[in-house]
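See below for the structure under consideration.
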Amino acid sequence: MRDEASLAGLTPVSTGVVATLQVLTRAIAAKAVVEVGTLMGASGLSFLEAMATDGVLTSIDVEADNQLPARAAFTKAGFSSSRFRLIAGSPIDVMPKLRDGAYDIVFINGDKLEYVEYVASALRLLRHGGLLIINDALWRNLVADPEDESDEAIIIREALEAVSASESYTQALLPVGDGLLVAVKD
Ligand SMILES: C[S@@+](CC[C@H](N)C(=O)[O-])C[C@H]1O[C@@H](n2cnc3c(N)ncnc32)[C@H](O)[C@@H]1O
């Protein structure tokens with residue numbers, strides 16, 4: 001049975017996702033990561049641990065309070081504040097203000113109802129060879145169920161279709177957590 005936080009989508013990424021993020025971060029020697037959805041800092045820590053010592057994480061969350069646990073976790077793990085930038089604000093407003101083509105990874109783990117907008121911004125932010133990573137791409141197996149017409153499933157489908165339809169990406173859907181879409185910007 002899922003608790004309230006889980007039902008609301010307010011849970012940290014799973015251990016399988018943590019491991020996969022670390023593998024991908026190391027594989028491309030990422031130094032600049034944008035994350036949408038800060039919360040406990042589980043995914044954020046994955047990036048900080050796997051990046052080079054001069055790598056910087058930019059993590060955006062609409063709720064400033066939902067960044068407090070992450071800030072505490074990063075500090076406790078020994079990361080200096082120069083290694084992470086926590087931005088409180090709507091990702092839809094903040095992402096367009098970040099620098100074009102300057103990021104190795106954009107990781108999407110925010111409000112499912114905004115995934116389409118996040119995907120649109122990610123294409124601009126990523127450098128060539130950078131990775132778009134979408135968490136919860138199968139969202140409780142509802143995305144693949146044609147009979148499910150929940151808002152979340154419909155919007156995640158649209159976001160995945162936008163990636164598929166784009167000639168800018170080569171992608172793979174990994175059976176990790178609730179589904180992890182990984183797409184490299186060609
Ligand atoms: C799943 S949590 C992020 C987990 C984080 N990446 C981690 O590993 O600890 C999603 C974040 O997106 C933000 N958010 C904004 N709108 C949301 C919504 N409608 N549902 C779920 N999360 C939402 C929340 O503030 C929350 O911090």
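In the structure tokens, each chain is lettered A, B, ... as it comes, each chain's residues begin at 1, and ligands are numbered from 1 in order of appearance.
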Residues within 7 Å of ligand 1 (only C-alpha atoms and all ligand atoms), as an NGL selection string?
-> :A and (8-13 or 36-44 or 61-63 or 66-67 or 109-113)
Expected answer as a PyMOL selection string: strand (DSSP E) residues in chain A | chain A and resi 32-36+56-61+84-88+103-108+126-135+169-174+180-185
Output file for the residues above (C-alpha atoms, as an mmCIF file, in the first residue's frame):
```cif
data_model
loop_
_atom_site.group_PDB
_atom_site.id
_atom_site.type_symbol
_atom_site.label_atom_id
_atom_site.label_comp_id
_atom_site.auth_asym_id
_atom_site.auth_seq_id
_atom_site.Cartn_x
_atom_site.Cartn_y
_atom_site.Cartn_z
ATOM 1 C CA ALA A 32 26.971 20.436 -15.288
ATOM 2 C CA VAL A 33 23.609 18.916 -14.380
ATOM 3 C CA VAL A 34 20.142 20.450 -14.208
ATOM 4 C CA GLU A 35 17.616 18.647 -12.058
ATOM 5 C CA VAL A 36 13.900 19.422 -11.856
ATOM 6 C CA VAL A 56 27.983 21.676 -10.338
ATOM 7 C CA LEU A 57 24.388 20.598 -9.777
ATOM 8 C CA THR A 58 21.585 23.080 -10.507
ATOM 9 C CA SER A 59 18.406 21.825 -8.853
ATOM 10 C CA ILE A 60 15.033 23.526 -9.294
ATOM 11 C CA ASP A 61 11.911 23.017 -7.202
ATOM 12 C CA PHE A 84 25.211 22.986 -5.885
ATOM 13 C CA ARG A 85 22.793 25.730 -6.817
ATOM 14 C CA LEU A 86 19.277 25.308 -5.432
ATOM 15 C CA ILE A 87 16.732 27.461 -7.234
ATOM 16 C CA ALA A 88 13.233 27.828 -5.765
ATOM 17 C CA TYR A 103 24.492 21.278 -19.559
ATOM 18 C CA ASP A 104 25.582 17.660 -19.806
ATOM 19 C CA ILE A 105 22.440 16.231 -18.192
ATOM 20 C CA VAL A 106 18.875 17.426 -17.645
ATOM 21 C CA PHE A 107 17.037 15.191 -15.191
ATOM 22 C CA ILE A 108 13.262 15.529 -14.979
ATOM 23 C CA LEU A 126 21.623 20.351 -23.338
ATOM 24 C CA ARG A 127 24.928 20.363 -25.179
ATOM 25 C CA HIS A 128 25.322 17.955 -28.092
ATOM 26 C CA GLY A 129 26.071 14.547 -26.585
ATOM 27 C CA GLY A 130 24.209 15.522 -23.406
ATOM 28 C CA LEU A 131 21.540 13.366 -21.799
ATOM 29 C CA LEU A 132 17.873 14.007 -21.175
ATOM 30 C CA ILE A 133 16.716 11.670 -18.391
ATOM 31 C CA ILE A 134 13.008 11.428 -17.578
ATOM 32 C CA ASN A 135 12.055 9.746 -14.315
ATOM 33 C CA TYR A 169 17.571 12.471 -29.810
ATOM 34 C CA THR A 170 18.545 8.801 -29.743
ATOM 35 C CA GLN A 171 16.672 7.225 -26.856
ATOM 36 C CA ALA A 172 16.187 4.123 -24.732
ATOM 37 C CA LEU A 173 13.552 3.345 -22.108
ATOM 38 C CA LEU A 174 15.100 1.547 -19.136
ATOM 39 C CA LEU A 180 13.644 5.869 -16.900
ATOM 40 C CA LEU A 181 13.800 7.375 -20.369
ATOM 41 C CA VAL A 182 17.351 8.204 -21.398
ATOM 42 C CA ALA A 183 17.902 10.192 -24.575
ATOM 43 C CA VAL A 184 21.192 11.471 -25.946
ATOM 44 C CA LYS A 185 21.043 14.776 -27.836
#
```
Between CA of Thr25 (chain A) and CA of Asp100 (chain A), what is the spacing in Å?
->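 Between CA of Asp100 (chain A) and CA of Thr25 (chain A) the gap is 19.6 Å.
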List the neighbours of Val176 (chain A) out to 10 Å using only C-alpha atoms; skip same-chain residues closer than 5 positions along the sequence, and give me the result as a PyMOL selection string.
-> chain A and resi 14-20+135-138+181
Create the file for the chosen residues now, containing N, CA and C atoms and written as a PDB file, in the first residue's frame.
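Written out: part.pdb:
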```pdb
ATOM      1  N   SER A  14      14.331   5.921  -6.536  1.00  0.00           N
ATOM      2  CA  SER A  14      14.638   4.598  -5.987  1.00  0.00           C
ATOM      3  C   SER A  14      16.132   4.295  -6.083  1.00  0.00           C
ATOM      4  N   THR A  15      16.558   3.241  -5.385  1.00  0.00           N
ATOM      5  CA  THR A  15      17.989   2.892  -5.395  1.00  0.00           C
ATOM      6  C   THR A  15      18.438   2.490  -6.807  1.00  0.00           C
ATOM      7  N   GLY A  16      17.545   1.873  -7.573  1.00  0.00           N
ATOM      8  CA  GLY A  16      17.907   1.506  -8.953  1.00  0.00           C
ATOM      9  C   GLY A  16      18.147   2.740  -9.801  1.00  0.00           C
ATOM     10  N   VAL A  17      17.322   3.761  -9.574  1.00  0.00           N
ATOM     11  CA  VAL A  17      17.496   5.007 -10.324  1.00  0.00           C
ATOM     12  C   VAL A  17      18.789   5.685  -9.889  1.00  0.00           C
ATOM     13  N   VAL A  18      19.068   5.688  -8.580  1.00  0.00           N
ATOM     14  CA  VAL A  18      20.317   6.279  -8.075  1.00  0.00           C
ATOM     15  C   VAL A  18      21.514   5.644  -8.789  1.00  0.00           C
ATOM     16  N   ALA A  19      21.541   4.317  -8.829  1.00  0.00           N
ATOM     17  CA  ALA A  19      22.675   3.620  -9.457  1.00  0.00           C
ATOM     18  C   ALA A  19      22.779   3.977 -10.937  1.00  0.00           C
ATOM     19  N   THR A  20      21.651   4.027 -11.611  1.00  0.00           N
ATOM     20  CA  THR A  20      21.663   4.324 -13.047  1.00  0.00           C
ATOM     21  C   THR A  20      22.128   5.758 -13.307  1.00  0.00           C
ATOM     22  N   ASN A 135      12.437  10.724 -15.330  1.00  0.00           N
ATOM     23  CA  ASN A 135      12.055   9.746 -14.315  1.00  0.00           C
ATOM     24  C   ASN A 135      10.546   9.480 -14.375  1.00  0.00           C
ATOM     25  N   ASP A 136      10.134   8.319 -13.913  1.00  0.00           N
ATOM     26  CA  ASP A 136       8.712   7.933 -13.882  1.00  0.00           C
ATOM     27  C   ASP A 136       8.103   7.903 -15.281  1.00  0.00           C
ATOM     28  N   ALA A 137       8.906   7.500 -16.254  1.00  0.00           N
ATOM     29  CA  ALA A 137       8.426   7.505 -17.640  1.00  0.00           C
ATOM     30  C   ALA A 137       7.298   6.488 -17.860  1.00  0.00           C
ATOM     31  N   LEU A 138       7.211   5.491 -16.973  1.00  0.00           N
ATOM     32  CA  LEU A 138       6.109   4.525 -17.101  1.00  0.00           C
ATOM     33  C   LEU A 138       5.053   4.730 -16.016  1.00  0.00           C
ATOM     34  N   LEU A 181      13.486   7.136 -18.961  1.00  0.00           N
ATOM     35  CA  LEU A 181      13.800   7.375 -20.369  1.00  0.00           C
ATOM     36  C   LEU A 181      15.135   8.109 -20.437  1.00  0.00           C
TER      37      LEU A 181
END
```
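Note that CA of Gly101 (chain A) and CA of Leu125 (chain A) are 4.6 Å apart.
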Which residue gives the smallest distance to Ser82 (chain A) among A:Val23, A:Ala120, A:Met95, A:Leu48, with only C-alpha atoms counted?
->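 Counting only C-alpha atoms, the residue closest to Ser82 (chain A) is A:Leu48.
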Best match for closeness to Gly179 (chain A) among A:Asn141, A:Ser6, A:Asp54, A:Ala29, counting only C-alpha atoms | A:Asn141
Mind pulling up the distance from CA of Leu24 (chain A) to CA of Ala162 (chain A)?
-> 22.0 Å
DSSP-assigned alpha helix (DSSP H) members of chain A, reported as a PDB file with N, CA and C atoms, in the first residue's frame:
```pdb
ATOM      1  N   GLU A   4       0.771   8.528   1.828  1.00  0.00           N
ATOM      2  CA  GLU A   4       0.300   9.785   1.232  1.00  0.00           C
ATOM      3  C   GLU A   4       1.342  10.468   0.353  1.00  0.00           C
ATOM      4  N   ALA A   5       2.601  10.490   0.862  1.00  0.00           N
ATOM      5  CA  ALA A   5       3.676  11.157   0.111  1.00  0.00           C
ATOM      6  C   ALA A   5       3.877  10.481  -1.234  1.00  0.00           C
ATOM      7  N   SER A   6       3.826   9.140  -1.209  1.00  0.00           N
ATOM      8  CA  SER A   6       4.021   8.400  -2.446  1.00  0.00           C
ATOM      9  C   SER A   6       2.884   8.672  -3.426  1.00  0.00           C
ATOM     10  N   LEU A   7       1.672   8.697  -2.900  1.00  0.00           N
ATOM     11  CA  LEU A   7       0.524   8.956  -3.769  1.00  0.00           C
ATOM     12  C   LEU A   7       0.623  10.339  -4.407  1.00  0.00           C
ATOM     13  N   THR A  15      16.558   3.241  -5.385  1.00  0.00           N
ATOM     14  CA  THR A  15      17.989   2.892  -5.395  1.00  0.00           C
ATOM     15  C   THR A  15      18.438   2.490  -6.807  1.00  0.00           C
ATOM     16  N   GLY A  16      17.545   1.873  -7.573  1.00  0.00           N
ATOM     17  CA  GLY A  16      17.907   1.506  -8.953  1.00  0.00           C
ATOM     18  C   GLY A  16      18.147   2.740  -9.801  1.00  0.00           C
ATOM     19  N   VAL A  17      17.322   3.761  -9.574  1.00  0.00           N
ATOM     20  CA  VAL A  17      17.496   5.007 -10.324  1.00  0.00           C
ATOM     21  C   VAL A  17      18.789   5.685  -9.889  1.00  0.00           C
ATOM     22  N   VAL A  18      19.068   5.688  -8.580  1.00  0.00           N
ATOM     23  CA  VAL A  18      20.317   6.279  -8.075  1.00  0.00           C
ATOM     24  C   VAL A  18      21.514   5.644  -8.789  1.00  0.00           C
ATOM     25  N   ALA A  19      21.541   4.317  -8.829  1.00  0.00           N
ATOM     26  CA  ALA A  19      22.675   3.620  -9.457  1.00  0.00           C
ATOM     27  C   ALA A  19      22.779   3.977 -10.937  1.00  0.00           C
ATOM     28  N   THR A  20      21.651   4.027 -11.611  1.00  0.00           N
ATOM     29  CA  THR A  20      21.663   4.324 -13.047  1.00  0.00           C
ATOM     30  C   THR A  20      22.128   5.758 -13.307  1.00  0.00           C
ATOM     31  N   LEU A  21      21.676   6.686 -12.472  1.00  0.00           N
ATOM     32  CA  LEU A  21      22.114   8.083 -12.648  1.00  0.00           C
ATOM     33  C   LEU A  21      23.620   8.191 -12.460  1.00  0.00           C
ATOM     34  N   GLN A  22      24.143   7.430 -11.507  1.00  0.00           N
ATOM     35  CA  GLN A  22      25.585   7.496 -11.262  1.00  0.00           C
ATOM     36  C   GLN A  22      26.368   6.914 -12.440  1.00  0.00           C
ATOM     37  N   VAL A  23      25.883   5.804 -12.980  1.00  0.00           N
ATOM     38  CA  VAL A  23      26.554   5.190 -14.136  1.00  0.00           C
ATOM     39  C   VAL A  23      26.558   6.164 -15.316  1.00  0.00           C
ATOM     40  N   LEU A  24      25.398   6.767 -15.576  1.00  0.00           N
ATOM     41  CA  LEU A  24      25.295   7.671 -16.728  1.00  0.00           C
ATOM     42  C   LEU A  24      26.150   8.920 -16.533  1.00  0.00           C
ATOM     43  N   THR A  25      26.154   9.442 -15.316  1.00  0.00           N
ATOM     44  CA  THR A  25      26.933  10.658 -15.022  1.00  0.00           C
ATOM     45  C   THR A  25      28.419  10.390 -15.226  1.00  0.00           C
ATOM     46  N   ARG A  26      28.883   9.244 -14.714  1.00  0.00           N
ATOM     47  CA  ARG A  26      30.299   8.890 -14.881  1.00  0.00           C
ATOM     48  C   ARG A  26      30.617   8.617 -16.354  1.00  0.00           C
ATOM     49  N   ALA A  27      29.702   7.931 -17.034  1.00  0.00           N
ATOM     50  CA  ALA A  27      29.969   7.520 -18.421  1.00  0.00           C
ATOM     51  C   ALA A  27      30.246   8.720 -19.322  1.00  0.00           C
ATOM     52  N   ALA A  42      17.985  12.812  -3.074  1.00  0.00           N
ATOM     53  CA  ALA A  42      18.502  11.473  -3.419  1.00  0.00           C
ATOM     54  C   ALA A  42      19.114  11.484  -4.821  1.00  0.00           C
ATOM     55  N   SER A  43      18.398  12.032  -5.784  1.00  0.00           N
ATOM     56  CA  SER A  43      18.963  12.106  -7.132  1.00  0.00           C
ATOM     57  C   SER A  43      20.091  13.132  -7.169  1.00  0.00           C
ATOM     58  N   GLY A  44      19.911  14.248  -6.461  1.00  0.00           N
ATOM     59  CA  GLY A  44      20.952  15.274  -6.442  1.00  0.00           C
ATOM     60  C   GLY A  44      22.274  14.735  -5.915  1.00  0.00           C
ATOM     61  N   LEU A  45      22.198  13.954  -4.842  1.00  0.00           N
ATOM     62  CA  LEU A  45      23.427  13.357  -4.289  1.00  0.00           C
ATOM     63  C   LEU A  45      24.068  12.395  -5.285  1.00  0.00           C
ATOM     64  N   SER A  46      23.224  11.666  -6.020  1.00  0.00           N
ATOM     65  CA  SER A  46      23.757  10.743  -7.038  1.00  0.00           C
ATOM     66  C   SER A  46      24.635  11.506  -8.016  1.00  0.00           C
ATOM     67  N   PHE A  47      24.129  12.655  -8.457  1.00  0.00           N
ATOM     68  CA  PHE A  47      24.904  13.442  -9.426  1.00  0.00           C
ATOM     69  C   PHE A  47      26.169  14.005  -8.777  1.00  0.00           C
ATOM     70  N   LEU A  48      26.023  14.573  -7.581  1.00  0.00           N
ATOM     71  CA  LEU A  48      27.195  15.184  -6.929  1.00  0.00           C
ATOM     72  C   LEU A  48      28.288  14.151  -6.696  1.00  0.00           C
ATOM     73  N   GLU A  49      27.890  12.954  -6.286  1.00  0.00           N
ATOM     74  CA  GLU A  49      28.896  11.918  -6.008  1.00  0.00           C
ATOM     75  C   GLU A  49      29.573  11.429  -7.290  1.00  0.00           C
ATOM     76  N   ALA A  50      28.819  11.420  -8.385  1.00  0.00           N
ATOM     77  CA  ALA A  50      29.364  10.841  -9.621  1.00  0.00           C
ATOM     78  C   ALA A  50      30.078  11.854 -10.506  1.00  0.00           C
ATOM     79  N   LEU A  68      14.894  22.011   1.426  1.00  0.00           N
ATOM     80  CA  LEU A  68      15.634  21.995   2.697  1.00  0.00           C
ATOM     81  C   LEU A  68      16.270  20.639   2.992  1.00  0.00           C
ATOM     82  N   PRO A  69      15.535  19.518   2.808  1.00  0.00           N
ATOM     83  CA  PRO A  69      16.170  18.222   3.091  1.00  0.00           C
ATOM     84  C   PRO A  69      17.379  17.966   2.190  1.00  0.00           C
ATOM     85  N   ALA A  70      17.283  18.404   0.941  1.00  0.00           N
ATOM     86  CA  ALA A  70      18.404  18.191   0.010  1.00  0.00           C
ATOM     87  C   ALA A  70      19.609  19.009   0.436  1.00  0.00           C
ATOM     88  N   ARG A  71      19.379  20.266   0.805  1.00  0.00           N
ATOM     89  CA  ARG A  71      20.507  21.115   1.230  1.00  0.00           C
ATOM     90  C   ARG A  71      21.213  20.463   2.419  1.00  0.00           C
ATOM     91  N   ALA A  72      20.412  19.963   3.370  1.00  0.00           N
ATOM     92  CA  ALA A  72      20.996  19.321   4.562  1.00  0.00           C
ATOM     93  C   ALA A  72      21.782  18.070   4.160  1.00  0.00           C
ATOM     94  N   ALA A  73      21.213  17.293   3.237  1.00  0.00           N
ATOM     95  CA  ALA A  73      21.874  16.040   2.820  1.00  0.00           C
ATOM     96  C   ALA A  73      23.193  16.331   2.094  1.00  0.00           C
ATOM     97  N   PHE A  74      23.187  17.347   1.235  1.00  0.00           N
ATOM     98  CA  PHE A  74      24.413  17.667   0.479  1.00  0.00           C
ATOM     99  C   PHE A  74      25.511  18.142   1.441  1.00  0.00           C
ATOM    100  N   THR A  75      25.101  18.986   2.389  1.00  0.00           N
ATOM    101  CA  THR A  75      26.080  19.533   3.340  1.00  0.00           C
ATOM    102  C   THR A  75      26.616  18.410   4.228  1.00  0.00           C
ATOM    103  N   LYS A  76      25.700  17.547   4.690  1.00  0.00           N
ATOM    104  CA  LYS A  76      26.118  16.435   5.554  1.00  0.00           C
ATOM    105  C   LYS A  76      27.096  15.506   4.823  1.00  0.00           C
ATOM    106  N   PRO A  91       9.793  25.541 -12.389  1.00  0.00           N
ATOM    107  CA  PRO A  91      10.753  25.153 -13.430  1.00  0.00           C
ATOM    108  C   PRO A  91      10.388  25.725 -14.797  1.00  0.00           C
ATOM    109  N   ILE A  92       9.088  25.931 -15.023  1.00  0.00           N
ATOM    110  CA  ILE A  92       8.660  26.492 -16.321  1.00  0.00           C
ATOM    111  C   ILE A  92       9.199  27.913 -16.493  1.00  0.00           C
ATOM    112  N   ASP A  93       9.326  28.648 -15.385  1.00  0.00           N
ATOM    113  CA  ASP A  93       9.881  30.004 -15.450  1.00  0.00           C
ATOM    114  C   ASP A  93      11.400  30.000 -15.372  1.00  0.00           C
ATOM    115  N   VAL A  94      11.945  29.062 -14.572  1.00  0.00           N
ATOM    116  CA  VAL A  94      13.396  29.085 -14.309  1.00  0.00           C
ATOM    117  C   VAL A  94      14.191  28.490 -15.475  1.00  0.00           C
ATOM    118  N   TYR A 115       5.602  17.909 -17.557  1.00  0.00           N
ATOM    119  CA  TYR A 115       6.705  17.209 -18.241  1.00  0.00           C
ATOM    120  C   TYR A 115       6.913  17.701 -19.679  1.00  0.00           C
ATOM    121  N   VAL A 116       5.825  18.033 -20.356  1.00  0.00           N
ATOM    122  CA  VAL A 116       5.973  18.463 -21.763  1.00  0.00           C
ATOM    123  C   VAL A 116       6.806  19.749 -21.834  1.00  0.00           C
ATOM    124  N   GLU A 117       6.528  20.681 -20.925  1.00  0.00           N
ATOM    125  CA  GLU A 117       7.287  21.953 -20.916  1.00  0.00           C
ATOM    126  C   GLU A 117       8.740  21.704 -20.509  1.00  0.00           C
ATOM    127  N   TYR A 118       8.963  20.815 -19.546  1.00  0.00           N
ATOM    128  CA  TYR A 118      10.337  20.531 -19.127  1.00  0.00           C
ATOM    129  C   TYR A 118      11.143  19.943 -20.306  1.00  0.00           C
ATOM    130  N   VAL A 119      10.498  19.033 -21.034  1.00  0.00           N
ATOM    131  CA  VAL A 119      11.192  18.393 -22.172  1.00  0.00           C
ATOM    132  C   VAL A 119      11.542  19.447 -23.227  1.00  0.00           C
ATOM    133  N   ALA A 120      10.623  20.376 -23.459  1.00  0.00           N
ATOM    134  CA  ALA A 120      10.889  21.421 -24.459  1.00  0.00           C
ATOM    135  C   ALA A 120      12.091  22.266 -24.036  1.00  0.00           C
ATOM    136  N   SER A 121      12.165  22.622 -22.764  1.00  0.00           N
ATOM    137  CA  SER A 121      13.308  23.433 -22.296  1.00  0.00           C
ATOM    138  C   SER A 121      14.601  22.640 -22.315  1.00  0.00           C
ATOM    139  N   ALA A 122      14.520  21.356 -22.010  1.00  0.00           N
ATOM    140  CA  ALA A 122      15.736  20.535 -21.906  1.00  0.00           C
ATOM    141  C   ALA A 122      16.503  20.518 -23.225  1.00  0.00           C
ATOM    142  N   LEU A 123      15.785  20.470 -24.321  1.00  0.00           N
ATOM    143  CA  LEU A 123      16.457  20.389 -25.624  1.00  0.00           C
ATOM    144  C   LEU A 123      17.385  21.594 -25.819  1.00  0.00           C
ATOM    145  N   ARG A 124      16.946  22.734 -25.361  1.00  0.00           N
ATOM    146  CA  ARG A 124      17.733  23.962 -25.498  1.00  0.00           C
ATOM    147  C   ARG A 124      18.926  23.976 -24.537  1.00  0.00           C
ATOM    148  N   LEU A 125      18.713  23.437 -23.348  1.00  0.00           N
ATOM    149  CA  LEU A 125      19.766  23.514 -22.315  1.00  0.00           C
ATOM    150  C   LEU A 125      20.912  22.538 -22.554  1.00  0.00           C
ATOM    151  N   ASP A 151      -4.603  12.398 -16.041  1.00  0.00           N
ATOM    152  CA  ASP A 151      -3.853  13.536 -16.582  1.00  0.00           C
ATOM    153  C   ASP A 151      -2.367  13.231 -16.633  1.00  0.00           C
ATOM    154  N   GLU A 152      -1.859  12.580 -15.571  1.00  0.00           N
ATOM    155  CA  GLU A 152      -0.422  12.290 -15.516  1.00  0.00           C
ATOM    156  C   GLU A 152      -0.007  11.393 -16.682  1.00  0.00           C
ATOM    157  N   ALA A 153      -0.776  10.304 -16.888  1.00  0.00           N
ATOM    158  CA  ALA A 153      -0.415   9.364 -17.952  1.00  0.00           C
ATOM    159  C   ALA A 153      -0.471  10.043 -19.314  1.00  0.00           C
ATOM    160  N   ILE A 154      -1.507  10.832 -19.540  1.00  0.00           N
ATOM    161  CA  ILE A 154      -1.656  11.506 -20.845  1.00  0.00           C
ATOM    162  C   ILE A 154      -0.478  12.441 -21.092  1.00  0.00           C
ATOM    163  N   ILE A 155      -0.099  13.198 -20.064  1.00  0.00           N
ATOM    164  CA  ILE A 155       0.970  14.190 -20.264  1.00  0.00           C
ATOM    165  C   ILE A 155       2.335  13.517 -20.373  1.00  0.00           C
ATOM    166  N   ILE A 156       2.564  12.471 -19.586  1.00  0.00           N
ATOM    167  CA  ILE A 156       3.853  11.761 -19.742  1.00  0.00           C
ATOM    168  C   ILE A 156       3.929  11.160 -21.149  1.00  0.00           C
ATOM    169  N   ARG A 157       2.821  10.580 -21.631  1.00  0.00           N
ATOM    170  CA  ARG A 157       2.814  10.055 -23.018  1.00  0.00           C
ATOM    171  C   ARG A 157       3.196  11.149 -24.003  1.00  0.00           C
ATOM    172  N   GLU A 158       2.608  12.337 -23.818  1.00  0.00           N
ATOM    173  CA  GLU A 158       2.917  13.454 -24.746  1.00  0.00           C
ATOM    174  C   GLU A 158       4.392  13.817 -24.679  1.00  0.00           C
ATOM    175  N   ALA A 159       4.944  13.813 -23.460  1.00  0.00           N
ATOM    176  CA  ALA A 159       6.367  14.170 -23.309  1.00  0.00           C
ATOM    177  C   ALA A 159       7.242  13.128 -24.002  1.00  0.00           C
ATOM    178  N   LEU A 160       6.902  11.845 -23.824  1.00  0.00           N
ATOM    179  CA  LEU A 160       7.699  10.785 -24.454  1.00  0.00           C
ATOM    180  C   LEU A 160       7.570  10.850 -25.973  1.00  0.00           C
ATOM    181  N   GLU A 161       6.355  11.164 -26.428  1.00  0.00           N
ATOM    182  CA  GLU A 161       6.153  11.263 -27.877  1.00  0.00           C
ATOM    183  C   GLU A 161       6.957  12.422 -28.464  1.00  0.00           C
ATOM    184  N   ALA A 162       7.071  13.507 -27.693  1.00  0.00           N
ATOM    185  CA  ALA A 162       7.850  14.659 -28.174  1.00  0.00           C
ATOM    186  C   ALA A 162       9.319  14.267 -28.337  1.00  0.00           C
ATOM    187  N   VAL A 163       9.818  13.448 -27.424  1.00  0.00           N
ATOM    188  CA  VAL A 163      11.210  12.999 -27.544  1.00  0.00           C
ATOM    189  C   VAL A 163      11.346  12.087 -28.760  1.00  0.00           C
ATOM    190  N   SER A 164      10.403  11.137 -28.897  1.00  0.00           N
ATOM    191  CA  SER A 164      10.447  10.198 -30.036  1.00  0.00           C
ATOM    192  C   SER A 164      10.368  10.929 -31.362  1.00  0.00           C
ATOM    193  N   ALA A 165       9.500  11.942 -31.402  1.00  0.00           N
ATOM    194  CA  ALA A 165       9.269  12.637 -32.669  1.00  0.00           C
ATOM    195  C   ALA A 165      10.432  13.556 -33.033  1.00  0.00           C
TER     196      ALA A 165
END
```
